[in-house]
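As stored in coords_37.cif (mmCIF, C-alpha atoms and all ligand atoms):
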data_target
#
loop_
_atom_site.label_atom_id
_atom_site.label_comp_id
_atom_site.auth_asym_id
_atom_site.auth_seq_id
_atom_site.Cartn_x
_atom_site.Cartn_y
_atom_site.Cartn_z
CA MET A 43 -11.38 -1.93 19.61
CA LYS A 44 -10.93 1.40 21.38
CA LEU A 45 -13.45 3.92 22.60
CA GLY A 46 -13.53 7.63 21.90
CA VAL A 47 -15.96 9.37 24.25
CA ASN A 48 -17.73 12.33 22.68
CA ILE A 49 -18.32 14.95 25.38
CA ASP A 50 -20.15 17.52 23.23
CA HIS A 51 -23.42 17.03 25.07
CA ILE A 52 -21.93 17.94 28.43
CA ALA A 53 -21.36 21.31 26.77
CA THR A 54 -24.87 21.27 25.26
CA LEU A 55 -26.32 20.96 28.76
CA ARG A 56 -24.00 23.60 30.18
CA ASN A 57 -24.85 26.03 27.40
CA ALA A 58 -28.58 25.60 28.06
CA ARG A 59 -28.11 27.88 31.07
CA GLY A 60 -25.04 29.69 29.82
CA GLY A 61 -23.09 29.09 33.02
CA PHE A 62 -20.44 26.59 34.07
CA GLU A 63 -22.48 23.52 35.02
CA PRO A 64 -21.95 20.74 34.25
CA ASN A 65 -18.25 21.48 34.16
CA LEU A 66 -16.71 20.11 30.99
CA VAL A 67 -13.20 19.90 32.39
CA GLU A 68 -14.43 17.85 35.37
CA ALA A 69 -16.19 15.51 32.92
CA ALA A 70 -13.02 15.22 30.86
CA LYS A 71 -11.01 14.35 33.99
CA ILE A 72 -13.44 11.54 34.89
CA ALA A 73 -13.38 10.16 31.35
CA LEU A 74 -9.59 10.30 31.14
CA LYS A 75 -9.27 7.99 34.15
CA GLU A 76 -10.96 5.27 32.07
CA ASP A 77 -9.37 3.03 29.45
CA ILE A 78 -10.36 5.19 26.51
CA LEU A 79 -8.39 6.20 23.45
CA ALA A 80 -9.46 9.83 23.22
CA LEU A 81 -11.99 12.48 24.00
CA THR A 82 -13.97 13.45 20.95
CA MET A 83 -15.02 17.09 20.67
CA HIS A 84 -16.77 18.76 17.77
CA LEU A 85 -15.91 22.42 17.41
CA ARG A 86 -18.78 23.50 15.19
CA GLU A 87 -18.63 26.70 13.18
CA ASP A 88 -21.73 27.90 15.08
CA ARG A 89 -20.12 26.90 18.45
CA ARG A 90 -23.41 25.32 19.46
CA HIS A 91 -21.79 23.14 22.13
CA ILE A 92 -18.00 23.00 22.39
CA LYS A 93 -16.37 26.45 22.57
CA ASP A 94 -12.78 27.28 21.65
CA LYS A 95 -11.82 27.62 25.32
CA ASP A 96 -13.14 24.10 26.04
CA LEU A 97 -10.66 22.67 23.58
CA TYR A 98 -7.73 24.51 25.11
CA ASP A 99 -8.86 23.59 28.65
CA VAL A 100 -9.17 19.89 27.82
CA LYS A 101 -5.91 19.89 25.89
CA SER A 102 -4.18 21.35 28.95
CA LEU A 103 -5.15 18.20 30.87
CA GLY A 104 -2.86 16.32 28.50
CA ALA A 105 -5.83 14.65 26.84
CA LYS A 106 -5.73 12.99 23.47
CA ILE A 107 -8.38 14.88 21.53
CA ASN A 108 -10.18 13.66 18.45
CA LEU A 109 -11.32 16.98 17.00
CA GLU A 110 -14.39 16.78 14.81
CA MET A 111 -14.59 19.73 12.47
CA ALA A 112 -15.83 21.02 9.14
CA ALA A 113 -13.21 21.41 6.43
CA VAL A 114 -13.04 25.19 6.76
CA GLU A 115 -10.05 27.45 7.20
CA GLU A 116 -11.21 29.04 10.46
CA ILE A 117 -11.32 25.73 12.33
CA GLN A 118 -8.22 24.42 10.55
CA LYS A 119 -6.24 27.30 12.07
CA ILE A 120 -7.40 26.26 15.55
CA ALA A 121 -6.53 22.62 14.82
CA LEU A 122 -3.06 23.63 13.71
CA ASP A 123 -2.63 25.56 16.94
CA ILE A 124 -4.01 22.89 19.29
CA ILE A 125 -2.49 19.88 17.47
CA PRO A 126 -5.06 17.30 18.54
CA TYR A 127 -4.25 13.60 18.37
CA SER A 128 -6.61 13.30 15.42
CA VAL A 129 -9.00 15.30 13.34
CA CYS A 130 -12.21 13.92 11.89
CA LEU A 131 -13.65 15.96 9.05
CA VAL A 132 -17.43 16.05 9.05
CA PRO A 133 -20.07 17.89 7.04
CA GLU A 134 -21.95 20.67 8.83
CA ARG A 135 -25.30 22.25 8.20
CA ARG A 136 -26.60 24.99 10.47
CA GLN A 137 -30.04 23.61 11.23
CA GLU A 138 -29.16 19.94 11.66
CA ILE A 139 -29.83 18.30 15.03
CA THR A 140 -26.60 16.31 14.73
CA THR A 141 -24.19 15.39 11.92
CA GLU A 142 -26.53 14.15 9.25
CA GLY A 143 -24.93 12.00 6.57
CA GLY A 144 -21.29 11.54 5.79
CA LEU A 145 -18.89 13.93 4.13
CA ASP A 146 -19.07 13.94 0.34
CA VAL A 147 -15.35 13.45 -0.26
CA LEU A 148 -15.77 12.47 -3.90
CA SER A 149 -17.12 15.85 -5.02
CA GLN A 150 -14.33 17.85 -3.31
CA LYS A 151 -11.37 15.55 -3.33
CA GLU A 152 -8.86 18.10 -4.67
CA TYR A 153 -9.94 20.64 -2.02
CA LEU A 154 -9.76 18.06 0.77
CA LYS A 155 -6.38 16.76 -0.37
CA ASP A 156 -4.96 20.29 0.02
CA PHE A 157 -6.88 20.86 3.26
CA ILE A 158 -5.54 17.70 4.89
CA LYS A 159 -1.89 18.28 3.96
CA PRO A 160 -0.94 20.86 6.63
CA LEU A 161 -2.73 18.82 9.30
CA LYS A 162 -0.71 15.74 8.42
CA GLU A 163 2.48 17.78 8.28
CA LYS A 164 1.89 18.62 11.94
CA GLY A 165 1.57 14.92 12.76
CA ILE A 166 -2.22 14.98 13.24
CA LEU A 167 -3.98 11.78 12.20
CA VAL A 168 -6.74 12.57 9.74
CA SER A 169 -10.04 10.75 9.53
CA LEU A 170 -12.96 11.37 7.16
CA PHE A 171 -16.50 10.71 8.34
CA ILE A 172 -18.20 9.00 5.40
CA ASP A 173 -21.23 6.90 4.58
CA PRO A 174 -20.59 3.24 3.80
CA ASP A 175 -20.12 3.90 0.09
CA LEU A 176 -17.07 2.34 -1.58
CA SER A 177 -16.49 5.29 -3.92
CA GLN A 178 -16.15 7.57 -0.87
CA ALA A 179 -13.48 5.24 0.51
CA ASP A 180 -11.56 5.51 -2.78
CA ALA A 181 -11.79 9.29 -2.56
CA ALA A 182 -10.63 9.26 1.10
CA LYS A 183 -7.59 7.26 0.08
CA TYR A 184 -6.87 9.70 -2.74
CA CYS A 185 -6.99 12.63 -0.30
CA GLY A 186 -4.37 11.10 1.96
CA ALA A 187 -6.60 10.30 4.96
CA ASP A 188 -5.23 7.89 7.54
CA TYR A 189 -8.66 6.75 8.72
CA ILE A 190 -12.23 6.71 7.65
CA GLU A 191 -14.98 6.84 10.24
CA MET A 192 -17.98 4.93 8.93
CA HIS A 193 -21.26 6.72 9.59
CA THR A 194 -23.35 4.19 11.51
CA GLY A 195 -26.49 6.36 11.63
CA SER A 196 -28.47 4.38 9.05
CA PHE A 197 -27.43 1.12 10.68
CA SER A 198 -28.51 2.42 14.11
CA GLU A 199 -31.90 3.55 12.78
CA ALA A 200 -32.40 0.19 11.06
CA PHE A 201 -31.46 -1.59 14.29
CA GLU A 202 -34.21 0.31 16.13
CA LYS A 203 -36.68 -0.94 13.54
CA GLY A 204 -35.41 -4.51 13.96
CA ASP A 205 -34.25 -5.01 10.37
CA TYR A 206 -30.61 -4.01 10.23
CA LYS A 207 -29.01 -6.75 8.10
CA LYS A 208 -28.73 -4.70 4.89
CA GLU A 209 -27.18 -1.68 6.64
CA PHE A 210 -24.91 -3.88 8.71
CA ASP A 211 -23.65 -5.72 5.62
CA LYS A 212 -22.84 -2.38 4.03
CA LEU A 213 -20.65 -1.51 7.03
CA LYS A 214 -18.87 -4.86 6.89
CA GLN A 215 -18.22 -4.56 3.17
CA MET A 216 -17.06 -0.97 3.53
CA ALA A 217 -14.64 -1.79 6.36
CA LYS A 218 -13.10 -4.63 4.37
CA TYR A 219 -12.77 -2.52 1.24
CA ALA A 220 -11.26 0.48 3.03
CA GLN A 221 -8.79 -1.77 4.84
CA SER A 222 -7.77 -3.29 1.48
CA LEU A 223 -6.87 0.25 0.37
CA GLY A 224 -4.65 0.65 3.44
CA LEU A 225 -7.06 2.88 5.37
CA LYS A 226 -7.76 2.32 9.05
CA VAL A 227 -11.42 2.14 9.94
CA ASN A 228 -13.42 3.69 12.80
CA ALA A 229 -17.17 3.93 13.26
CA GLY A 230 -19.64 6.15 15.01
CA HIS A 231 -23.00 7.84 15.24
CA GLY A 232 -26.09 6.46 16.92
CA LEU A 233 -24.21 3.59 18.57
CA ASN A 234 -25.65 2.64 21.94
CA TYR A 235 -25.66 -0.03 24.66
CA GLN A 236 -28.07 -2.19 22.65
CA ASN A 237 -26.51 -2.18 19.18
CA VAL A 238 -22.80 -1.76 19.89
CA TYR A 239 -22.13 -5.50 20.30
CA LEU A 240 -22.50 -5.92 16.53
CA MET A 241 -19.46 -3.72 15.91
CA LYS A 242 -17.33 -6.57 17.26
CA GLU A 243 -18.34 -8.59 14.20
CA ILE A 244 -16.66 -6.07 11.90
CA GLU A 245 -13.08 -7.22 11.59
CA GLY A 246 -10.30 -4.78 12.31
CA LEU A 247 -12.39 -1.85 13.53
CA CYS A 248 -10.02 0.46 15.39
CA GLU A 249 -12.18 2.92 17.28
CA LEU A 250 -15.80 3.69 18.08
CA ASN A 251 -16.78 7.28 18.77
CA ILE A 252 -19.82 7.39 21.00
CA GLY A 253 -21.46 10.35 22.64
CA HIS A 254 -25.19 10.65 23.04
CA SER A 255 -25.90 7.26 24.59
CA ILE A 256 -23.01 7.50 27.07
CA ILE A 257 -23.86 11.03 28.18
CA SER A 258 -27.56 10.09 28.43
CA LYS A 259 -26.79 7.09 30.61
CA SER A 260 -24.43 9.13 32.75
CA ILE A 261 -27.40 11.18 34.00
CA PHE A 262 -28.62 8.07 35.80
CA VAL A 263 -25.45 6.20 36.73
CA GLY A 264 -22.67 8.79 36.52
CA LEU A 265 -20.11 9.26 33.77
CA LYS A 266 -17.57 6.79 35.17
CA THR A 267 -20.06 3.92 35.22
CA ALA A 268 -21.57 4.86 31.86
CA ILE A 269 -18.13 4.71 30.23
CA GLU A 270 -17.17 1.51 32.02
CA ASP A 271 -20.42 -0.17 30.95
CA MET A 272 -19.73 0.75 27.33
CA LEU A 273 -16.13 -0.42 27.56
CA ALA A 274 -17.32 -3.78 28.91
CA LEU A 275 -19.53 -4.19 25.82
CA ILE A 276 -16.82 -3.53 23.27
CA LYS A 277 -13.95 -5.42 24.87
N1 LIG A 301 -18.78 10.45 15.11
C1 LIG A 301 -19.07 11.60 14.45
C2 LIG A 301 -18.24 11.96 13.27
C3 LIG A 301 -20.11 12.45 14.89
O1 LIG A 301 -20.37 13.59 14.22
C4 LIG A 301 -20.82 12.09 16.05
C5 LIG A 301 -21.88 13.02 16.57
O2 LIG A 301 -21.30 14.20 17.01
C6 LIG A 301 -20.47 10.91 16.71
C7 LIG A 301 -19.47 10.09 16.20
C8 LIG A 301 -21.17 10.47 17.97
O3 LIG A 301 -22.49 10.18 17.68
P1 LIG A 301 -23.48 9.88 18.88
O4 LIG A 301 -23.57 11.11 19.70
O5 LIG A 301 -24.76 9.54 18.17
O6 LIG A 301 -22.90 8.73 19.65
#
The structure in this file should be written as C-alpha cells.
Amino acid sequence: MKLGVNIDHIATLRNARGGFEPNLVEAAKIALKEDILALTMHLREDRRHIKDKDLYDVKSLGAKINLEMAAVEEIQKIALDIIPYSVCLVPERRQEITTEGGLDVLSQKEYLKDFIKPLKEKGILVSLFIDPDLSQADAAKYCGADYIEMHTGSFSEAFEKGDYKKEFDKLKQMAKYAQSLGLKVNAGHGLNYQNVYLMKEIEGLCELNIGHSIISKSIFVGLKTAIEDMLALIK
C-alpha cells in the first residue's frame, strides 16, 4: 500500500497571511525524499489553498502529482497542460470545509465519460472519489476510470465514535466489488494515525491519500517525521 501526501494545508496556512510561509515547494521537497507514491494537490475552483503556480512549481521538481479537481473545463485545461501522474475527480461546493461526500458518478456518467477521455489520451491515470456504494463503482467502470478512491469520511467519523464496523464492512465490500470490475482501489479522507491500521485489512488497496492528520502532526514533529510515522503504520 502506497501513500499519497496531500499538501493542501501547507497552502492553507500560507494563504492565511498571504505571503510565502510556509513555503510549499520546500514542503514538497521534504515529502519527495520519503518513500511516497505522489503528492496530492487539490486545485479548487475557488483556489482556496493550492494556486495554479503551486502546481507548476511542484511539477518542476519532477514530482508525481495526484491532482484532485472538479470535473470542470477550466481545471481540465490546466490538467492537460501539467499532465499530472493522476487525476482524482471530486465534487466541490463553495462553502464546504473539505470535500464532503463522494462524486455522484451515476447521475452524470455520460458527461464524465467524455470528460475523462482527453485526460486518459494524455496518459493521465483517472480516479473517481466515490462513497462506498456499489452502483457508483459500476458507473465509474462505465466512465472508463482506472481507479476509484473510496471516501473514508463516514468510516473515520464512526471510528471516532467507537462503532465503525458497519462503515468498515462497506469499504471492504466496495473494494472487493470494484476490484472484480477491474478497477484499482484507493482510499482517503479523515484517515489518521489511529484509524489507518484498519486499511491494511482491506485486500488489494493501492494507495491512501492523507493530508490533514499528517500536516497537523508535522507542526509538532516536522514533516519528515510525520510522513515517516505514517509510512511505518501502513507498511
Ligand atoms: N482524498 C480526497 C479525494 C480528498 O478530497 C481529501 C481531502 O482533500 C483527501 C483524500 C485527504 O483527506 P484528509 O485531509 O482528511 O486526510
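Using only C-alpha atoms and all ligand atoms for every distance, the candidate list A:Cys130, A:Leu103, A:Ala121, A:Val147 yields A:Cys130 as the residue closest to ligand LIG 301 (chain A).
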Kindly extract all protein, DNA and RNA residues lying within 10 Å of the coordinates (-13.3, 5.3, 11.2) given in the file, considering all atoms listed in the file, and supply them as a list in words.
Cys130, Val168, Ser169, Leu170, Phe171, Ile172, Asp188, Tyr189, Ile190, Glu191, Met192, His193, Ala217, Ala220, Leu225, Lys226, Val227, Asn228, Ala229, Gly230, Leu247, Cys248, Glu249, Leu250 and Asn251 of chain A
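One distance worth recording is that between CA of Val47 (chain A) and CA of Ser102 (chain A), which is 17.4 Å.
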Selection within 10 Å of ligand LIG 301 (chain A) by all atoms listed in the file, output as a PyMOL selection string
chain A and resi 46-51+82-86+108-111+129-134+139-145+169-172+190-195+198+228-234+250-258
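One finds CA of His91 (chain A) at 28.8 Å from CA of Leu148 (chain A).
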Between CA of Asp205 (chain A) and CA of Ile269 (chain A), distance in Å (one decimal):
27.4 Å
In file coordinates, which residues lie within 12 Å of (-14.9, -2.3, 0.5) using all atoms listed in the file, given as a ChimeraX atom specification?
/A:173-180,190,192,211-225,227
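Closest approach to Ser260 (chain A) among A:Met272, A:Leu240, A:Ala112, A:Ile158 is made by A:Met272 (distances from only C-alpha atoms).
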At a cut-off of 12 Å, using only C-alpha atoms, what residues contact Pro64 (chain A)? Leave out same-chain residues fewer than 4 positions from it and give the result as an MDAnalysis selection string.
chainID A and resid 49:60 68:70 257 260:261 265
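Among the candidate residues A:Glu202, A:Asn65, A:Ile125, A:Ser149, the one lying nearest to Glu163 (chain A) is A:Ile125, with distances computed using all atoms listed in the file.
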Please, what is the axis-aligned box for every listed atom of region 243-247 of chain A with 5 Å on each side, as centre and edge lengths in Å to one decimal, as JSON?
{"center_x": -14.3, "center_y": -5.2, "center_z": 12.9, "size_x": 18.0, "size_y": 16.7, "size_z": 12.6}
I'd like the contact shell of Gln150 (chain A) - 12 Å cut-off, all atoms listed in the file, skipping same-chain residues fewer than 6 positions apart - returned as an MDAnalysis selection string.
chainID A and resid 113 133 156:157 178 181:182 184:185
Export C-alpha atoms of the chosen residues as a PDB file, keeping the file's coordinate frame?
ATOM      1  CA  ALA A 113     -13.210  21.410   6.430  1.00  0.00           C
ATOM      2  CA  PRO A 133     -20.070  17.890   7.040  1.00  0.00           C
ATOM      3  CA  ASP A 156      -4.960  20.290   0.020  1.00  0.00           C
ATOM      4  CA  PHE A 157      -6.880  20.860   3.260  1.00  0.00           C
ATOM      5  CA  GLN A 178     -16.150   7.570  -0.870  1.00  0.00           C
ATOM      6  CA  ALA A 181     -11.790   9.290  -2.560  1.00  0.00           C
ATOM      7  CA  ALA A 182     -10.630   9.260   1.100  1.00  0.00           C
ATOM      8  CA  TYR A 184      -6.870   9.700  -2.740  1.00  0.00           C
ATOM      9  CA  CYS A 185      -6.990  12.630  -0.300  1.00  0.00           C
TER      10      CYS A 185
END
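Of the residues under consideration (A:Val263, A:Ile166, A:Ile276, A:Leu154), A:Ile166 shows the shortest atom-to-atom contact distance to Ile107 (chain A) when counting all atoms listed in the file.
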Compile the contact shell of Phe197 (chain A) as a ChimeraX atom specification: residues with an atom at most 8 Å away, counting all atoms listed in the file, same-chain residues fewer than 6 positions apart removed.
/A:206,209-210
Export of the given selection (C-alpha atoms) as a compact mmCIF listing (two decimals), in the coordinates of the input:
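Okay, this is what ended up in part.txt:
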# COMPACT_ATOMS: atom_id res chain seq x y z
CA TYR A 206 -30.61 -4.01 10.23
CA GLU A 209 -27.18 -1.68 6.64
CA PHE A 210 -24.91 -3.88 8.71
Find the residues around Lys106 (chain A) up to 7 Å (all atoms listed in the file counted), leave out those fewer than 3 positions away in its own chain, and share them as a list of chain:residue names.
A:Ala80, A:Leu81, A:Pro126, A:Tyr127
Ranking A:Lys207, A:Lys75, A:Lys155, A:Arg90 by minimum distance to Glu270 (chain A) and counting all atoms listed in the file, which one comes first?
A:Lys75
Could you please fill out region 220-231 of chain A with all heavy atoms and send it back as a tab-separated table (two decimals), in the coordinates of the input?
chain	number	residue	atom	x	y	z
A	220	ALA	N	-12.14	-0.62	2.61
A	220	ALA	CA	-11.26	0.48	3.03
A	220	ALA	C	-9.93	-0.07	3.56
A	220	ALA	O	-8.86	0.46	3.27
A	220	ALA	CB	-11.95	1.34	4.09
A	221	GLN	N	-10.02	-1.16	4.31
A	221	GLN	CA	-8.79	-1.77	4.84
A	221	GLN	C	-7.91	-2.28	3.68
A	221	GLN	O	-6.69	-2.18	3.73
A	221	GLN	CB	-9.12	-2.91	5.80
A	221	GLN	CG	-9.61	-2.41	7.17
A	221	GLN	CD	-10.44	-3.41	7.93
A	221	GLN	OE1	-10.74	-4.49	7.44
A	221	GLN	NE2	-10.86	-3.05	9.14
A	222	SER	N	-8.55	-2.79	2.63
A	222	SER	CA	-7.77	-3.29	1.48
A	222	SER	C	-7.05	-2.14	0.78
A	222	SER	O	-6.05	-2.35	0.09
A	222	SER	CB	-8.68	-4.04	0.50
A	222	SER	OG	-9.42	-3.12	-0.27
A	223	LEU	N	-7.54	-0.92	0.96
A	223	LEU	CA	-6.87	0.25	0.37
A	223	LEU	C	-5.76	0.78	1.29
A	223	LEU	O	-5.07	1.73	0.95
A	223	LEU	CB	-7.89	1.39	0.17
A	223	LEU	CG	-9.07	1.16	-0.77
A	223	LEU	CD1	-10.00	2.37	-0.75
A	223	LEU	CD2	-8.59	0.90	-2.19
A	224	GLY	N	-5.67	0.20	2.48
A	224	GLY	CA	-4.65	0.65	3.44
A	224	GLY	C	-5.16	1.69	4.41
A	224	GLY	O	-4.38	2.32	5.14
A	225	LEU	N	-6.48	1.93	4.41
A	225	LEU	CA	-7.06	2.88	5.37
A	225	LEU	C	-7.40	2.16	6.66
A	225	LEU	O	-7.79	0.98	6.65
A	225	LEU	CB	-8.34	3.48	4.79
A	225	LEU	CG	-8.18	4.44	3.60
A	225	LEU	CD1	-9.49	4.58	2.85
A	225	LEU	CD2	-7.67	5.79	4.09
A	226	LYS	N	-7.29	2.87	7.77
A	226	LYS	CA	-7.76	2.32	9.05
A	226	LYS	C	-9.22	2.74	9.20
A	226	LYS	O	-9.63	3.78	8.66
A	226	LYS	CB	-6.92	2.82	10.20
A	226	LYS	CG	-5.50	2.27	10.11
A	226	LYS	CD	-4.74	2.54	11.38
A	226	LYS	CE	-3.31	2.10	11.23
A	226	LYS	NZ	-2.38	3.21	11.47
A	227	VAL	N	-9.98	1.93	9.94
A	227	VAL	CA	-11.42	2.14	9.94
A	227	VAL	C	-11.98	2.30	11.36
A	227	VAL	O	-11.77	1.45	12.23
A	227	VAL	CB	-12.14	0.97	9.22
A	227	VAL	CG1	-13.65	1.21	9.20
A	227	VAL	CG2	-11.62	0.80	7.81
A	228	ASN	N	-12.67	3.42	11.57
A	228	ASN	CA	-13.42	3.69	12.80
A	228	ASN	C	-14.91	3.72	12.46
A	228	ASN	O	-15.29	3.67	11.29
A	228	ASN	CB	-13.03	5.06	13.37
A	228	ASN	CG	-11.55	5.15	13.73
A	228	ASN	OD1	-10.92	4.13	14.01
A	228	ASN	ND2	-11.00	6.35	13.72
A	229	ALA	N	-15.73	3.84	13.51
A	229	ALA	CA	-17.17	3.93	13.26
A	229	ALA	C	-17.81	4.78	14.34
A	229	ALA	O	-17.30	4.88	15.46
A	229	ALA	CB	-17.79	2.54	13.24
A	230	GLY	N	-18.93	5.37	14.00
A	230	GLY	CA	-19.64	6.15	15.01
A	230	GLY	C	-20.90	6.78	14.49
A	230	GLY	O	-21.09	6.92	13.29
A	231	HIS	N	-21.73	7.14	15.40
A	231	HIS	CA	-23.00	7.84	15.24
A	231	HIS	C	-24.18	6.90	15.52
A	231	HIS	O	-24.38	5.93	14.81
A	231	HIS	CB	-23.19	8.47	13.86
A	231	HIS	CG	-24.09	9.67	13.94
A	231	HIS	ND1	-25.45	9.56	14.06
A	231	HIS	CD2	-23.81	11.00	13.98
A	231	HIS	CE1	-25.97	10.77	14.14
A	231	HIS	NE2	-25.00	11.65	14.11
